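Asks: Hey, dropping model_0.txt in here, compact mmCIF, C-alpha atoms:
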# COMPACT_ATOMS: atom_id res chain seq x y z
CA MET O 1 28.72 36.31 -41.72
CA GLU O 2 32.16 36.61 -43.33
CA PRO O 3 33.59 33.54 -45.12
CA ASN O 4 36.36 33.28 -42.51
CA GLU O 5 33.83 33.29 -39.68
CA ILE O 6 31.78 30.58 -41.43
CA ASP O 7 34.88 28.44 -41.85
CA GLN O 8 35.82 28.92 -38.21
CA THR O 9 32.29 27.96 -37.10
CA LYS O 10 32.34 24.85 -39.28
CA GLY O 11 35.75 23.93 -37.97
CA ALA O 12 34.64 24.30 -34.34
CA ALA O 13 31.52 22.23 -34.97
CA GLN O 14 33.52 19.49 -36.70
CA GLU O 15 36.06 19.47 -33.89
CA GLN O 16 33.28 19.21 -31.28
CA LEU O 17 31.61 16.42 -33.27
CA SER O 18 34.94 14.64 -33.57
CA THR O 19 35.48 14.94 -29.81
CA HIS O 20 32.00 13.50 -29.07
CA SER O 21 32.70 10.71 -31.55
CA ARG O 22 35.99 9.84 -29.84
CA LEU O 23 34.35 9.87 -26.41
CA TRP O 24 31.55 7.65 -27.68
CA GLN O 25 34.08 5.26 -29.20
CA ARG O 26 36.00 5.16 -25.91
CA ASP O 27 32.79 4.41 -23.97
CA LYS O 28 31.93 1.71 -26.48
CA VAL O 29 35.40 0.16 -26.15
CA GLY O 30 35.16 0.37 -22.35
CA PHE O 31 31.81 -1.42 -22.41
CA PHE O 32 33.21 -4.11 -24.73
CA ILE O 33 36.21 -4.71 -22.44
CA ALA O 34 34.03 -4.79 -19.30
CA ARG O 35 31.64 -7.26 -20.92
CA ARG O 36 34.56 -9.45 -22.00
CA TYR O 37 36.05 -9.40 -18.49
CA LEU O 38 32.68 -10.38 -17.04
CA PHE O 39 31.93 -13.35 -19.27
CA SER O 40 35.39 -14.60 -20.29
CA LYS O 41 37.20 -17.35 -18.39
CA LYS O 42 39.68 -15.97 -15.86
CA LYS O 43 43.09 -17.34 -14.95
CA THR O 44 41.76 -17.92 -11.45
CA HIS O 45 38.53 -19.91 -11.62
CA ALA O 46 37.42 -18.51 -8.25
CA ILE O 47 36.84 -15.11 -9.87
CA ASN O 48 34.15 -16.58 -12.15
CA VAL O 49 32.58 -18.31 -9.15
CA ILE O 50 32.56 -15.13 -7.05
CA SER O 51 31.09 -13.13 -9.96
CA LEU O 52 28.31 -15.71 -10.29
CA ILE O 53 27.70 -15.60 -6.54
CA SER O 54 27.53 -11.79 -6.74
CA VAL O 55 24.85 -11.94 -9.44
CA ILE O 56 22.90 -14.59 -7.50
CA GLY O 57 23.16 -12.58 -4.25
CA VAL O 58 21.80 -9.42 -5.86
CA ALA O 59 19.10 -11.44 -7.64
CA VAL O 60 17.91 -13.15 -4.43
CA ALA O 61 17.74 -9.84 -2.53
CA THR O 62 15.87 -8.24 -5.44
CA MET O 63 13.48 -11.19 -5.66
CA ALA O 64 12.79 -10.91 -1.92
CA LEU O 65 11.97 -7.21 -2.32
CA VAL O 66 9.51 -7.91 -5.14
CA ILE O 67 7.77 -10.74 -3.28
CA VAL O 68 7.56 -9.09 0.15
CA LEU O 69 6.29 -5.74 -1.16
CA SER O 70 3.76 -7.57 -3.38
CA VAL O 71 2.48 -9.51 -0.35
CA PHE O 72 2.03 -6.24 1.55
CA ASN O 73 0.14 -4.88 -1.46
CA GLY O 74 -2.01 -8.02 -1.44
CA PHE O 75 -2.97 -7.54 2.21
CA HIS O 76 -3.63 -3.84 1.54
CA ASP O 77 -6.02 -4.67 -1.31
CA LEU O 78 -7.64 -7.45 0.74
CA VAL O 79 -8.35 -5.12 3.67
CA ALA O 80 -9.63 -2.46 1.27
CA SER O 81 -12.09 -4.97 -0.23
CA PHE O 82 -13.44 -5.76 3.26
CA PHE O 83 -14.05 -2.10 4.03
CA THR O 84 -15.71 -1.62 0.66
CA ASN O 85 -18.55 -3.92 1.73
CA PHE O 86 -19.40 -1.71 4.70
CA ASP O 87 -17.95 1.77 4.35
CA PRO O 88 -19.64 4.33 2.10
CA GLN O 89 -17.93 5.71 -0.98
CA LEU O 90 -17.97 9.21 0.57
CA LYS O 91 -18.83 10.30 4.09
CA VAL O 92 -19.70 13.82 5.22
CA MET O 93 -19.28 14.51 8.97
CA PRO O 94 -19.37 17.61 11.17
CA VAL O 95 -15.97 19.03 12.08
CA ARG O 96 -17.11 20.10 15.56
CA GLY O 97 -19.38 17.96 17.71
CA LYS O 98 -20.82 14.52 17.09
CA THR O 99 -23.96 15.50 15.19
CA ALA O 100 -25.43 18.15 12.92
CA PRO O 101 -29.02 19.01 11.90
CA ALA O 102 -30.26 16.70 9.15
CA ASP O 103 -31.74 19.68 7.31
CA ASP O 104 -28.53 21.72 7.35
CA PRO O 105 -28.37 23.68 4.04
CA ILE O 106 -24.86 22.39 3.33
CA LEU O 107 -25.94 18.76 3.71
CA THR O 108 -28.99 19.45 1.57
CA LYS O 109 -26.84 20.97 -1.18
CA ILE O 110 -24.42 18.02 -1.10
CA ARG O 111 -27.28 15.53 -1.14
CA GLN O 112 -28.76 17.19 -4.23
CA MET O 113 -25.55 17.18 -6.28
CA PRO O 114 -26.17 15.50 -9.67
CA GLU O 115 -23.36 12.93 -9.15
CA VAL O 116 -24.97 11.52 -5.97
CA ALA O 117 -26.91 8.27 -6.53
CA VAL O 118 -27.69 7.30 -2.90
CA ALA O 119 -27.58 9.43 0.26
CA THR O 120 -28.08 7.86 3.69
CA GLU O 121 -28.35 9.67 7.01
CA THR O 122 -26.74 7.89 9.96
CA VAL O 123 -26.50 8.33 13.73
CA GLN O 124 -23.70 6.50 15.53
CA ASP O 125 -22.68 6.32 19.20
CA ILE O 126 -21.68 3.99 22.03
CA ALA O 127 -24.22 2.01 24.10
CA LEU O 128 -24.48 -1.05 26.36
CA ALA O 129 -26.24 -4.15 25.01
CA ILE O 130 -27.53 -6.89 27.33
CA TYR O 131 -29.02 -10.26 26.31
CA ASN O 132 -29.83 -13.09 28.75
CA GLY O 133 -27.38 -11.81 31.36
CA LYS O 134 -24.52 -11.25 28.86
CA GLN O 135 -23.46 -7.71 28.09
CA ALA O 136 -21.16 -5.87 25.72
CA VAL O 137 -20.26 -2.28 24.88
CA VAL O 138 -21.48 -1.77 21.33
CA THR O 139 -21.45 0.88 18.62
CA ILE O 140 -25.03 1.52 17.58
CA LYS O 141 -25.27 2.63 13.97
CA GLY O 142 -28.71 3.86 12.93
CA VAL O 143 -29.20 4.04 9.17
CA ASP O 144 -31.85 4.94 6.60
CA ASP O 145 -33.93 2.31 4.82
CA ASN O 146 -31.74 2.63 1.70
CA PHE O 147 -28.57 1.52 3.51
CA ASN O 148 -28.38 -1.73 1.52
CA GLU O 149 -28.34 0.38 -1.67
CA LEU O 150 -25.47 2.45 -0.30
CA THR O 151 -23.14 -0.44 0.58
CA HIS O 152 -22.61 -4.11 -0.31
CA ILE O 153 -23.91 -5.31 3.03
CA ASP O 154 -26.14 -7.95 1.39
CA GLU O 155 -22.95 -9.73 0.29
CA ILE O 156 -21.70 -10.18 3.88
CA LEU O 157 -24.91 -11.33 5.62
CA TYR O 158 -25.27 -14.77 7.21
CA GLY O 159 -28.45 -16.36 8.52
CA ASP O 160 -31.97 -17.40 7.54
CA GLY O 161 -33.55 -13.95 7.64
CA GLU O 162 -33.03 -10.79 5.61
CA PHE O 163 -31.63 -7.37 6.32
CA SER O 164 -34.44 -5.32 7.90
CA LEU O 165 -34.48 -2.20 10.02
CA HIS O 166 -38.07 -1.86 11.25
CA THR O 167 -41.63 -3.03 10.71
CA ALA O 168 -44.44 -0.83 12.05
CA ASN O 169 -43.31 -0.11 15.63
CA LEU O 170 -40.87 -3.05 15.81
CA GLN O 171 -37.17 -2.20 15.59
CA TYR O 172 -34.72 -4.78 14.24
CA GLY O 173 -31.01 -5.13 15.01
CA THR O 174 -28.26 -6.74 12.92
CA PRO O 175 -25.07 -7.37 14.92
CA GLY O 176 -21.58 -8.20 13.76
CA ILE O 177 -20.81 -11.91 13.84
CA ARG O 178 -18.36 -11.71 16.74
CA LEU O 179 -20.69 -9.46 18.73
CA ALA O 180 -23.48 -12.03 18.28
CA GLU O 181 -21.09 -14.71 19.53
CA SER O 182 -20.07 -12.74 22.64
CA LEU O 183 -23.70 -11.95 23.53
CA GLY O 184 -24.83 -15.49 22.75
CA THR O 185 -27.60 -14.38 20.40
CA GLY O 186 -26.61 -16.46 17.36
CA THR O 187 -27.92 -15.37 13.99
CA GLN O 188 -31.43 -15.09 15.38
CA TRP O 189 -32.47 -14.43 18.98
CA LYS O 190 -35.94 -15.02 20.43
CA ASP O 191 -36.03 -12.55 23.32
CA TYR O 192 -35.54 -8.80 23.31
CA LEU O 193 -32.03 -7.36 23.16
CA LYS O 194 -31.87 -4.53 25.70
CA VAL O 195 -29.86 -1.44 24.77
CA TYR O 196 -28.81 1.21 27.33
CA ALA O 197 -27.53 4.71 26.54
CA PRO O 198 -26.74 7.53 29.01
CA GLN O 199 -29.24 10.36 29.39
CA ARG O 200 -27.95 13.44 27.59
CA GLU O 201 -29.47 15.89 30.07
CA GLY O 202 -29.67 16.05 33.86
CA GLN O 203 -27.43 14.63 36.57
CA LEU O 204 -26.98 11.00 37.54
CA ASP O 205 -28.76 10.05 40.76
CA MET O 206 -26.60 7.41 42.41
CA SER O 207 -29.55 6.20 44.51
CA ALA O 208 -31.34 5.21 41.29
CA PRO O 209 -28.60 4.86 38.63
CA GLU O 210 -30.95 3.10 36.21
CA ASP O 211 -32.82 6.39 35.81
CA GLY O 212 -29.71 7.88 34.19
CA PHE O 213 -30.07 5.66 31.12
CA VAL O 214 -32.39 5.52 28.16
CA VAL O 215 -33.46 1.90 27.66
CA ASP O 216 -34.89 0.44 24.47
CA SER O 217 -35.21 -2.99 22.88
CA LEU O 218 -34.41 -4.61 19.57
CA ILE O 219 -35.58 -7.85 17.99
CA SER O 220 -33.57 -10.03 15.66
CA SER O 221 -33.51 -9.45 11.92
CA GLY O 222 -32.46 -13.09 11.52
CA VAL O 223 -29.01 -12.29 10.08
CA VAL O 224 -25.57 -11.15 11.18
CA PHE O 225 -22.87 -9.48 9.10
CA ALA O 226 -19.19 -10.38 8.79
CA VAL O 227 -16.79 -7.71 7.46
CA ASN O 228 -13.83 -9.80 8.67
CA GLN O 229 -12.54 -6.80 10.58
CA ALA O 230 -12.68 -6.83 14.38
CA LYS O 231 -13.56 -3.13 14.47
CA TYR O 232 -16.94 -3.93 12.92
CA ASP O 233 -17.62 -7.58 13.63
CA LYS O 234 -16.94 -7.30 17.37
CA SER O 235 -18.82 -4.13 18.29
CA TYR O 236 -21.18 -2.81 15.58
CA LEU O 237 -24.95 -3.20 15.77
CA ILE O 238 -26.94 -1.85 12.82
CA THR O 239 -30.50 -0.65 13.36
CA SER O 240 -32.90 1.99 12.10
CA LEU O 241 -32.13 5.70 12.09
CA GLY O 242 -35.21 6.51 14.22
CA PHE O 243 -34.21 4.00 16.91
CA ALA O 244 -30.72 5.50 17.21
CA GLN O 245 -32.02 9.08 17.27
CA ASN O 246 -34.47 8.26 20.08
CA LEU O 247 -31.92 6.20 22.04
CA PHE O 248 -29.27 8.93 22.01
CA GLY O 249 -31.66 11.84 22.31
CA GLN O 250 -30.81 13.21 18.86
CA PRO O 251 -34.13 13.77 17.06
CA GLY O 252 -33.61 15.45 13.69
CA MET O 253 -29.82 15.12 13.99
CA VAL O 254 -27.31 13.02 12.06
CA SER O 255 -23.75 11.88 12.77
CA ALA O 256 -22.92 11.64 9.07
CA LEU O 257 -24.30 11.77 5.57
CA GLU O 258 -23.05 8.71 3.68
CA LEU O 259 -23.00 8.80 -0.12
CA ARG O 260 -22.68 6.58 -3.16
CA LEU O 261 -21.95 8.23 -6.49
CA LYS O 262 -23.40 7.39 -9.87
CA PRO O 263 -21.35 5.02 -12.04
CA GLY O 264 -18.73 6.86 -14.07
CA SER O 265 -18.43 9.79 -11.66
CA ASP O 266 -14.97 11.19 -11.01
CA LEU O 267 -14.52 10.48 -7.29
CA GLU O 268 -11.66 12.94 -6.76
CA ALA O 269 -13.40 15.75 -8.64
CA VAL O 270 -16.69 15.22 -6.77
CA LYS O 271 -14.89 15.02 -3.43
CA LYS O 272 -13.07 18.28 -4.18
CA GLU O 273 -16.36 19.97 -5.10
CA MET O 274 -18.05 18.68 -1.94
CA ARG O 275 -15.21 19.97 0.21
CA ALA O 276 -15.60 23.38 -1.36
CA VAL O 277 -19.31 23.31 -0.46
CA ALA O 278 -18.66 21.93 3.05
CA GLY O 279 -16.12 24.63 3.92
CA ASP O 280 -14.80 24.37 7.48
CA LYS O 281 -18.10 23.12 8.92
CA PHE O 282 -18.04 19.56 7.50
CA LYS O 283 -15.30 17.17 6.39
CA VAL O 284 -15.61 14.85 3.39
CA GLU O 285 -13.73 11.54 3.42
CA ASP O 286 -13.43 8.66 0.97
CA ARG O 287 -13.06 5.02 2.03
CA PHE O 288 -9.30 5.17 2.49
CA GLU O 289 -9.51 8.37 4.52
CA GLN O 290 -12.20 6.84 6.73
CA GLN O 291 -9.72 4.06 7.58
CA ALA O 292 -6.61 6.25 7.48
CA ASP O 293 -5.09 4.76 10.66
CA THR O 294 -5.31 1.19 9.39
CA PHE O 295 -3.78 1.93 5.99
CA LYS O 296 -1.13 4.20 7.48
CA ILE O 297 0.04 1.35 9.74
CA MET O 298 0.19 -0.98 6.73
CA GLN O 299 2.23 1.56 4.77
CA ILE O 300 4.67 1.94 7.67
CA GLU O 301 5.06 -1.85 7.91
CA LYS O 302 5.70 -2.03 4.16
CA PHE O 303 8.28 0.75 4.36
CA MET O 304 10.10 -0.93 7.27
CA ALA O 305 10.21 -4.21 5.33
CA TYR O 306 11.66 -2.32 2.37
CA ILE O 307 14.35 -0.74 4.58
CA PHE O 308 15.42 -4.06 6.13
CA LEU O 309 15.55 -5.85 2.78
CA THR O 310 17.52 -2.96 1.27
CA PHE O 311 20.16 -3.44 3.98
CA ILE O 312 20.35 -7.12 3.00
CA LEU O 313 20.68 -6.01 -0.63
CA ILE O 314 23.57 -3.70 0.23
CA VAL O 315 25.35 -6.56 2.00
CA ALA O 316 24.80 -8.73 -1.09
CA CYS O 317 26.25 -5.96 -3.25
CA PHE O 318 29.54 -6.11 -1.36
CA ASN O 319 30.10 -9.52 -2.95
CA ILE O 320 30.63 -7.52 -6.13
CA VAL O 321 33.49 -5.67 -4.44
CA GLY O 322 35.27 -8.95 -3.75
CA SER O 323 34.78 -10.08 -7.33
CA LEU O 324 36.07 -6.81 -8.78
CA SER O 325 39.08 -6.58 -6.46
CA MET O 326 40.22 -10.06 -7.53
CA LEU O 327 39.57 -9.15 -11.16
CA ILE O 328 41.70 -6.01 -10.87
CA ILE O 329 44.60 -8.05 -9.49
CA ASP O 330 44.08 -10.73 -12.17
CA LYS O 331 44.13 -8.13 -14.96
CA LYS O 332 47.25 -6.29 -13.76
CA LYS O 333 49.10 -6.95 -17.03
CA ASP O 334 46.05 -5.83 -19.05
CA VAL O 335 46.06 -2.54 -17.16
CA VAL O 336 49.68 -1.92 -18.19
CA THR O 337 48.83 -2.77 -21.82
CA LEU O 338 45.84 -0.42 -21.85
CA ARG O 339 47.94 2.41 -20.41
CA ASN O 340 50.58 1.84 -23.09
CA LEU O 341 47.80 2.09 -25.71
CA GLY O 342 46.90 5.53 -24.38
CA ALA O 343 44.10 4.75 -21.92
CA THR O 344 43.98 7.04 -18.89
CA ASN O 345 43.67 5.81 -15.32
CA ARG O 346 40.11 7.17 -15.24
CA GLN O 347 39.13 5.21 -18.35
CA ILE O 348 40.61 1.99 -16.94
CA THR O 349 38.83 2.55 -13.61
CA ASN O 350 35.55 3.08 -15.46
CA ILE O 351 35.97 -0.34 -17.09
CA PHE O 352 35.94 -2.04 -13.68
CA LEU O 353 33.15 0.23 -12.42
CA LEU O 354 31.15 -0.65 -15.52
CA GLU O 355 31.62 -4.35 -14.83
CA GLY O 356 30.30 -3.90 -11.28
CA ARG O 357 27.30 -2.03 -12.65
CA MET O 358 26.68 -4.78 -15.20
CA ILE O 359 26.61 -7.33 -12.36
CA SER O 360 24.08 -5.12 -10.52
CA VAL O 361 21.87 -4.80 -13.60
CA MET O 362 22.00 -8.53 -14.32
CA GLY O 363 21.13 -9.35 -10.70
CA ALA O 364 18.31 -6.78 -10.70
CA VAL O 365 16.75 -8.05 -13.93
CA LEU O 366 17.08 -11.71 -12.93
CA GLY O 367 15.69 -11.03 -9.44
CA ILE O 368 12.72 -9.07 -10.75
CA LEU O 369 11.86 -11.77 -13.29
CA LEU O 370 12.08 -14.51 -10.65
CA GLY O 371 10.04 -12.40 -8.20
CA LEU O 372 7.31 -11.75 -10.77
CA LEU O 373 7.25 -15.45 -11.68
CA LEU O 374 6.83 -16.52 -8.05
CA CYS O 375 4.15 -13.87 -7.50
CA TRP O 376 2.25 -15.17 -10.53
CA LEU O 377 2.52 -18.76 -9.28
CA GLN O 378 1.24 -17.65 -5.85
CA GLN O 379 -1.70 -15.86 -7.44
CA GLN O 380 -2.61 -18.81 -9.64
CA TYR O 381 -1.94 -21.76 -7.33
CA GLY O 382 -1.60 -20.39 -3.78
CA LEU O 383 1.68 -22.20 -3.14
CA VAL O 384 2.27 -20.64 0.31
CA ARG O 385 -0.74 -21.36 2.51
CA MET O 386 -1.93 -19.53 5.63
CA GLY O 387 -2.33 -22.21 8.27
CA GLY O 388 -2.76 -25.92 7.89
CA ALA O 389 -6.48 -26.17 7.20
CA ASP O 390 -8.82 -24.44 4.80
CA GLY O 391 -11.25 -22.02 6.40
CA SER O 392 -8.97 -21.08 9.31
CA PHE O 393 -8.30 -17.65 7.81
CA VAL O 394 -10.15 -15.17 5.63
CA VAL O 395 -8.00 -16.34 2.70
CA ASN O 396 -6.30 -19.71 2.46
CA ALA O 397 -3.10 -18.47 0.78
CA TYR O 398 -1.03 -15.32 1.14
CA PRO O 399 -2.53 -12.61 -1.10
CA VAL O 400 -0.21 -11.10 -3.70
CA SER O 401 -0.69 -7.94 -5.74
CA VAL O 402 2.10 -6.69 -8.01
CA HIS O 403 2.26 -2.92 -8.33
CA TYR O 404 4.57 -2.06 -11.20
CA ILE O 405 5.53 1.26 -9.69
CA ASP O 406 7.02 -0.80 -6.84
CA VAL O 407 8.91 -2.95 -9.36
CA LEU O 408 10.37 0.18 -10.98
CA PHE O 409 11.32 1.56 -7.56
CA ILE O 410 12.99 -1.75 -6.64
CA PHE O 411 14.99 -1.75 -9.88
CA ILE O 412 16.22 1.80 -9.24
CA THR O 413 17.08 0.86 -5.64
CA VAL O 414 19.14 -2.16 -6.72
CA ILE O 415 21.03 -0.19 -9.37
CA LEU O 416 21.83 2.66 -6.96
CA ALA O 417 22.84 0.27 -4.16
CA GLY O 418 25.11 -1.69 -6.51
CA TRP O 419 26.73 1.37 -8.03
CA ILE O 420 27.32 3.06 -4.70
CA ALA O 421 28.67 -0.14 -3.13
CA VAL O 422 31.38 -0.61 -5.79
CA TRP O 423 32.39 3.00 -6.42
CA TYR O 424 34.76 3.71 -3.51
CA PRO O 425 36.37 0.23 -3.23
CA VAL O 426 37.07 0.04 -6.98
CA LYS O 427 38.55 3.54 -6.95
CA THR O 428 40.82 2.55 -4.03
CA PHE O 429 41.91 -0.80 -5.48
CA ALA O 430 42.56 0.70 -8.91
CA LYS O 431 44.57 3.58 -7.46
CA ASN O 432 46.85 1.19 -5.53
CA LEU O 433 47.30 -0.90 -8.68
CA TYR O 434 48.29 2.14 -10.78
CA GLU O 435 50.88 3.16 -8.21
CA LYS O 436 52.48 -0.29 -8.37
CA ALA O 437 52.23 -0.60 -12.15
Would you mind giving the structure from this file in structure tokens?

Replies:
Amino acid sequence: MEPNEIDQTKGAAQEQLSTHSRLWQRDKVGFFIARRYLFSKKKTHAINVISLISVIGVAVATMALVIVLSVFNGFHDLVASFFTNFDPQLKVMPVRGKTAPADDPILTKIRQMPEVAVATETVQDIALAIYNGKQAVVTIKGVDDNFNELTHIDEILYGDGEFSLHTANLQYGTPGIRLAESLGTGTQWKDYLKVYAPQREGQLDMSAPEDGFVVDSLISSGVVFAVNQAKYDKSYLITSLGFAQNLFGQPGMVSALELRLKPGSDLEAVKKEMRAVAGDKFKVEDRFEQQADTFKIMQIEKFMAYIFLTFILIVACFNIVGSLSMLIIDKKKDVVTLRNLGATNRQITNIFLLEGRMISVMGAVLGILLGLLLCWLQQQYGLVRMGGADGSFVVNAYPVSVHYIDVLFIFITVILAGWIAVWYPVKTFAKNLYEKA
């Protein structure tokens, strides 16, 4: 390059650097003035009071968001822990029809994958259970002998017996706790529990309707299970795989292949590999996908709570508008002085906008800290109880689980709501002031 070109390049760079430096200095001065306006004593004491109320309003709304969303997370985790005791880690089911051959090559290949620790075949369908004149529509779930290795069912059993499926030609049944209550069996019944299932073939003869059902009997295992979910506790009856296959006329067939992986296995990677093997013939679901409806409803409820509380937050942010409008009027002489010193209308407006944003940030930080503190106190001491007496609910106090991605999302929401709420009013108030100045 020629010397003149080098000098011109250096001059342009220095001019650009000087411009950035001046802009940075102006921003720094604007921040200093906004901070001084926020914390200094005003001529009208009410402005300080309204500014404090604005910070408190934003903080309370932010705190409410943190607490409410954390409570929803707590219930989500609580429900997930209940399902964990009963639902398998992965479940493979036919896409079409209720059952598939147990020796299907795809199921065999999945069962033999090196990451699989336990594989249990199951048959599940609806039947009618009758005991001492009481009856109930039940979901019969027939499982393999290794079912207690697949799930944590031993942790949710109640009674004097033990979880058993069959002995010789005797078939045991283990009902949910609410099903046992509705049938009047208790944890251990003495007589046979009759189970009726419709015949799969032939037509129903109305002159002898009892001939249209397959009838079998179960004896008590001496225990009941309690998942603390009505879906299971009220209708499920666990028995042996052979009993269910005979009752529903499905010899050699399975409703699902339920799996538990070896410790340290990558669930998502294994699930993806199994889905590649299953193709369009079988579907592979994890615990959350097996209960997709339940968790989807909980997510919708959480989202609706977030929307309603965000509206309250926006209303709280309009307190900032009142504070800033009074501040603009109070600082009318300062505005004239700043303009005489060379400040543009845009720079002066940014000072007031910056003060509104500082109030939003202060309220957000204070609200998040208070929300996290109250969540910690609830986790440690259970300050807010569920009901008046212990044992009335599954948990005695409201469950709380803080997800920090939620906290970050709340902080961004508060900042955006505060900034948007003050932008147009401050622009309007400042413009009217400049016209009068």

Asks: What is the CA of Glu181 (chain O)-CA of Thr239 (chain O) distance in Å, reported with one decimal?

Replies: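 If I compute the distance from CA of Glu181 (chain O) to CA of Thr239 (chain O), I get 18.0 Å.
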
Asks: Under the rule that only C-alpha atoms are counted, which of O:Tyr131, O:Val58, O:Ser51, O:Gln347 is the nearest residue to Ser360 (chain O)?

Replies: O:Val58

Asks: In Å, how far is it from CA of Asp293 (chain O) to CA of Val223 (chain O)?

Replies: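 The value is 29.4 Å.
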
Asks: Do a neighbour search on Ile153 (chain O) at 8 Å with all atoms listed in the file, toss out local chain neighbours closer than 3 positions, and write the hits as an MDAnalysis selection string.

Replies: chainID O and resid 85:86 148 156:157 225

Asks: Work out how far apart CA of Asp103 (chain O) and CA of Phe248 (chain O) are and give it in Å to one decimal.

Replies: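 One can read the CA of Asp103 (chain O) to CA of Phe248 (chain O) distance as 18.4 Å.
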
Asks: In terms of the shortest atom-to-atom distance over all atoms listed in the file, which of O:Ser54, O:Ser265, O:Gln229, O:Ser70 is closest to Gln379 (chain O)?

Replies: O:Ser70

Asks: For the point (-33.3, -1.4, 22.6) in file coordinates, what residues are within 12 Å, counting all atoms listed in the file? Give the answer as a PDB file with C-alpha atoms, in the frame of the given file?

Replies:
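Result file point12.pdb:
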ATOM      1  CA  ALA O 127     -24.220   2.010  24.100  1.00  0.00           C
ATOM      2  CA  LEU O 128     -24.480  -1.050  26.360  1.00  0.00           C
ATOM      3  CA  ALA O 129     -26.240  -4.150  25.010  1.00  0.00           C
ATOM      4  CA  ILE O 130     -27.530  -6.890  27.330  1.00  0.00           C
ATOM      5  CA  TYR O 131     -29.020 -10.260  26.310  1.00  0.00           C
ATOM      6  CA  VAL O 138     -21.480  -1.770  21.330  1.00  0.00           C
ATOM      7  CA  ILE O 140     -25.030   1.520  17.580  1.00  0.00           C
ATOM      8  CA  GLY O 142     -28.710   3.860  12.930  1.00  0.00           C
ATOM      9  CA  LEU O 170     -40.870  -3.050  15.810  1.00  0.00           C
ATOM     10  CA  GLN O 171     -37.170  -2.200  15.590  1.00  0.00           C
ATOM     11  CA  TYR O 172     -34.720  -4.780  14.240  1.00  0.00           C
ATOM     12  CA  GLY O 173     -31.010  -5.130  15.010  1.00  0.00           C
ATOM     13  CA  ASP O 191     -36.030 -12.550  23.320  1.00  0.00           C
ATOM     14  CA  TYR O 192     -35.540  -8.800  23.310  1.00  0.00           C
ATOM     15  CA  LEU O 193     -32.030  -7.360  23.160  1.00  0.00           C
ATOM     16  CA  LYS O 194     -31.870  -4.530  25.700  1.00  0.00           C
ATOM     17  CA  VAL O 195     -29.860  -1.440  24.770  1.00  0.00           C
ATOM     18  CA  TYR O 196     -28.810   1.210  27.330  1.00  0.00           C
ATOM     19  CA  ALA O 197     -27.530   4.710  26.540  1.00  0.00           C
ATOM     20  CA  PHE O 213     -30.070   5.660  31.120  1.00  0.00           C
ATOM     21  CA  VAL O 214     -32.390   5.520  28.160  1.00  0.00           C
ATOM     22  CA  VAL O 215     -33.460   1.900  27.660  1.00  0.00           C
ATOM     23  CA  ASP O 216     -34.890   0.440  24.470  1.00  0.00           C
ATOM     24  CA  SER O 217     -35.210  -2.990  22.880  1.00  0.00           C
ATOM     25  CA  LEU O 218     -34.410  -4.610  19.570  1.00  0.00           C
ATOM     26  CA  ILE O 219     -35.580  -7.850  17.990  1.00  0.00           C
ATOM     27  CA  SER O 220     -33.570 -10.030  15.660  1.00  0.00           C
ATOM     28  CA  LEU O 237     -24.950  -3.200  15.770  1.00  0.00           C
ATOM     29  CA  ILE O 238     -26.940  -1.850  12.820  1.00  0.00           C
ATOM     30  CA  THR O 239     -30.500  -0.650  13.360  1.00  0.00           C
ATOM     31  CA  SER O 240     -32.900   1.990  12.100  1.00  0.00           C
ATOM     32  CA  GLY O 242     -35.210   6.510  14.220  1.00  0.00           C
ATOM     33  CA  PHE O 243     -34.210   4.000  16.910  1.00  0.00           C
ATOM     34  CA  ALA O 244     -30.720   5.500  17.210  1.00  0.00           C
ATOM     35  CA  GLN O 245     -32.020   9.080  17.270  1.00  0.00           C
ATOM     36  CA  ASN O 246     -34.470   8.260  20.080  1.00  0.00           C
ATOM     37  CA  LEU O 247     -31.920   6.200  22.040  1.00  0.00           C
ATOM     38  CA  PHE O 248     -29.270   8.930  22.010  1.00  0.00           C
TER      39      PHE O 248
END

Asks: Would you mind telling me which residue in O:Met93, O:Leu383, O:Ile297, O:Cys317 lies nearest to Glu121 (chain O) when using all atoms listed in the file?

Replies: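 Residue with the minimum atom-to-atom distance to Glu121 (chain O): O:Met93.
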
Asks: Can you build me a table of region 49-96 of chain O residues sitting at most 12 Å from region 409-416 of chain O, with the closest atom pair per residue and its distance in Å to one decimal, using only C-alpha atoms, sorted by chain and residue number, as a Markdown table?

Replies:
| residue | atom | partner | partner_atom | distance |
| --- | --- | --- | --- | --- |
| O:Val55 | CA | O:Val414 | CA | 11.6 |
| O:Gly57 | CA | O:Val414 | CA | 11.4 |
| O:Val58 | CA | O:Val414 | CA | 7.8 |
| O:Ala59 | CA | O:Val414 | CA | 9.3 |
| O:Val60 | CA | O:Val414 | CA | 11.3 |
| O:Ala61 | CA | O:Val414 | CA | 8.9 |
| O:Thr62 | CA | O:Val414 | CA | 7.0 |
| O:Met63 | CA | O:Ile410 | CA | 9.5 |
| O:Ala64 | CA | O:Ile410 | CA | 10.3 |
| O:Leu65 | CA | O:Ile410 | CA | 7.0 |
| O:Val66 | CA | O:Ile410 | CA | 7.2 |
| O:Ile67 | CA | O:Ile410 | CA | 10.9 |
| O:Val68 | CA | O:Ile410 | CA | 11.4 |
| O:Leu69 | CA | O:Ile410 | CA | 9.5 |
| O:Ser70 | CA | O:Ile410 | CA | 11.4 |

Asks: From the set O:Leu165, O:Leu90, O:Val137, O:Val321, which residue has the shortest atom-to-atom contact distance to Ile50 (chain O), counting all atoms listed in the file?

Replies: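 Going through O:Leu165, O:Leu90, O:Val137, O:Val321 one by one, the smallest distance to Ile50 (chain O) is for O:Val321.
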